[in-house]
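As stored in upload_2.cif (mmCIF, C-alpha atoms):
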```cif
data_protein
loop_
_atom_site.label_atom_id
_atom_site.label_comp_id
_atom_site.auth_asym_id
_atom_site.auth_seq_id
_atom_site.Cartn_x
_atom_site.Cartn_y
_atom_site.Cartn_z
CA MET L 384 0.00 0.00 0.00
CA ARG L 385 1.12 3.52 -0.73
CA ILE L 386 0.41 6.47 1.57
CA ILE L 387 0.85 9.99 0.24
CA ILE L 388 0.49 13.08 2.43
CA LEU L 389 -0.01 16.43 0.73
CA SER L 390 0.80 19.29 3.07
CA GLN L 391 1.81 22.89 3.09
CA PRO L 392 5.04 24.23 4.60
CA GLY L 393 4.82 24.78 8.37
CA CYS L 394 1.64 22.72 8.95
CA SER L 395 1.92 21.17 12.43
CA LYS L 396 -0.91 18.66 11.83
CA CYS L 397 0.81 17.54 8.64
CA LYS L 398 4.14 17.05 10.43
CA ALA L 399 2.48 15.06 13.22
CA LEU L 400 0.77 12.77 10.72
CA SER L 401 4.02 12.34 8.79
CA ALA L 402 5.77 11.31 12.00
CA ARG L 403 3.06 8.75 12.77
CA PHE L 404 3.34 7.17 9.33
CA ALA L 405 7.08 7.20 8.71
CA ASP L 406 6.78 5.18 5.49
CA ALA L 407 4.44 7.75 3.91
CA GLU L 408 5.57 9.90 1.02
CA VAL L 409 5.22 13.57 1.94
CA PHE L 410 4.88 16.36 -0.58
CA GLU L 411 4.83 19.97 0.57
CA LEU L 412 2.87 22.05 -1.91
CA GLN L 413 2.72 25.80 -2.15
CA PRO L 414 -0.45 27.11 -0.45
CA ALA L 415 -2.00 28.39 -3.70
CA LEU L 416 -1.63 25.01 -5.41
CA LEU L 417 -2.85 23.12 -2.35
CA LEU L 418 -5.89 25.41 -2.06
CA GLN L 419 -6.73 24.86 -5.72
CA LEU L 420 -6.48 21.08 -5.28
CA ALA L 421 -8.60 21.17 -2.12
CA ARG L 422 -11.30 23.18 -3.91
CA GLU L 423 -11.37 20.74 -6.82
CA LEU L 424 -11.71 17.78 -4.44
CA ASN L 425 -14.09 19.58 -2.05
CA ILE L 426 -11.72 19.09 0.90
CA SER L 427 -11.78 21.60 3.75
CA SER L 428 -8.89 20.60 6.02
CA LEU L 429 -5.24 19.64 5.94
CA PRO L 430 -3.43 17.39 5.45
CA ILE L 431 -4.74 15.67 2.35
CA VAL L 432 -4.00 11.95 2.55
CA VAL L 433 -4.09 9.62 -0.44
CA LEU L 434 -4.21 5.85 0.14
CA SER L 435 -3.50 3.55 -2.77
CA GLY L 436 -3.53 -0.22 -2.79
CA ASP L 437 -5.62 -3.25 -3.54
CA ASN L 438 -8.93 -3.79 -1.77
CA GLN L 439 -7.54 -6.19 0.83
CA GLU L 440 -4.71 -3.83 1.79
CA LEU L 441 -7.09 -0.90 2.17
CA GLU L 442 -9.58 -2.93 4.22
CA GLU L 443 -6.82 -4.00 6.62
CA PHE L 444 -5.51 -0.46 6.95
CA MET L 445 -8.96 1.00 7.66
CA LYS L 446 -9.70 -1.42 10.56
#
```
Can you give me the file's structure in the form of structure tokens?
Amino acid sequence: MRIIILSQPGCSKCKALSARFADAEVFELQPALLLQLARELNISSLPIVVLSGDNQELEEFMK
């Protein structure tokens, strides 16, 4: 399974989540780009987390 965290520079919640999931890939985006992405996806809080994997992996992770 792949975990991707999209954050903005200086976000304390994003850093805490990154520390909890050390194997996650973290991408810091500029605030304008992150805001545009959040609007497109109708997301209202940070960080944005993307989980990718097969159904069994995702089911196990979400337990």
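Within 10 Å of segment 413-426 of chain L there are Leu389, Ser390, Gln391, Pro392, Phe410, Glu411, Ser428, Leu429, Pro430 and Ile431 of chain L, counting all atoms listed in the file and ignoring same-chain residues fewer than 2 positions away.
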*Quick one: apply the PyMOL selection byres ((chain L and resi 385) around 6) to the file and drop the selected residues here as JSON, numbers by chain.*
{"L": [384, 386, 434, 435]}
Given the selection you just returned, output its residues as a file containing C-alpha atoms, formatted as a CSV table (one decimal), in the frame of the given file.
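Final output, out_37.csv:
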```
chain,number,residue,atom,x,y,z
L,384,MET,CA,0.0,0.0,0.0
L,386,ILE,CA,0.4,6.5,1.6
L,434,LEU,CA,-4.2,5.8,0.1
L,435,SER,CA,-3.5,3.6,-2.8
```
_Between atom CA of Cys394 of chain L and atom CA of Gly436 of chain L, distance in Å (one decimal)_ = 26.3 Å
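What separates atom CA of Glu443 of chain L from atom CA of Glu408 of chain L is a distance of 19.4 Å.
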_For a test of reading the model, state the distance in Å between atom CA of Ala407 of chain L and atom CA of Ile387 of chain L, rounded to one decimal._
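Atom-to-atom, atom CA of Ala407 of chain L and atom CA of Ile387 of chain L are spaced 5.6 Å apart.
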*Which residue, L:Val409, L:Phe444, L:Ala399, L:Gly393, has the smallest gap to Val432 of chain L when you use all atoms listed in the file?*
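Distance minimum relative to Val432 of chain L lands on L:Val409.
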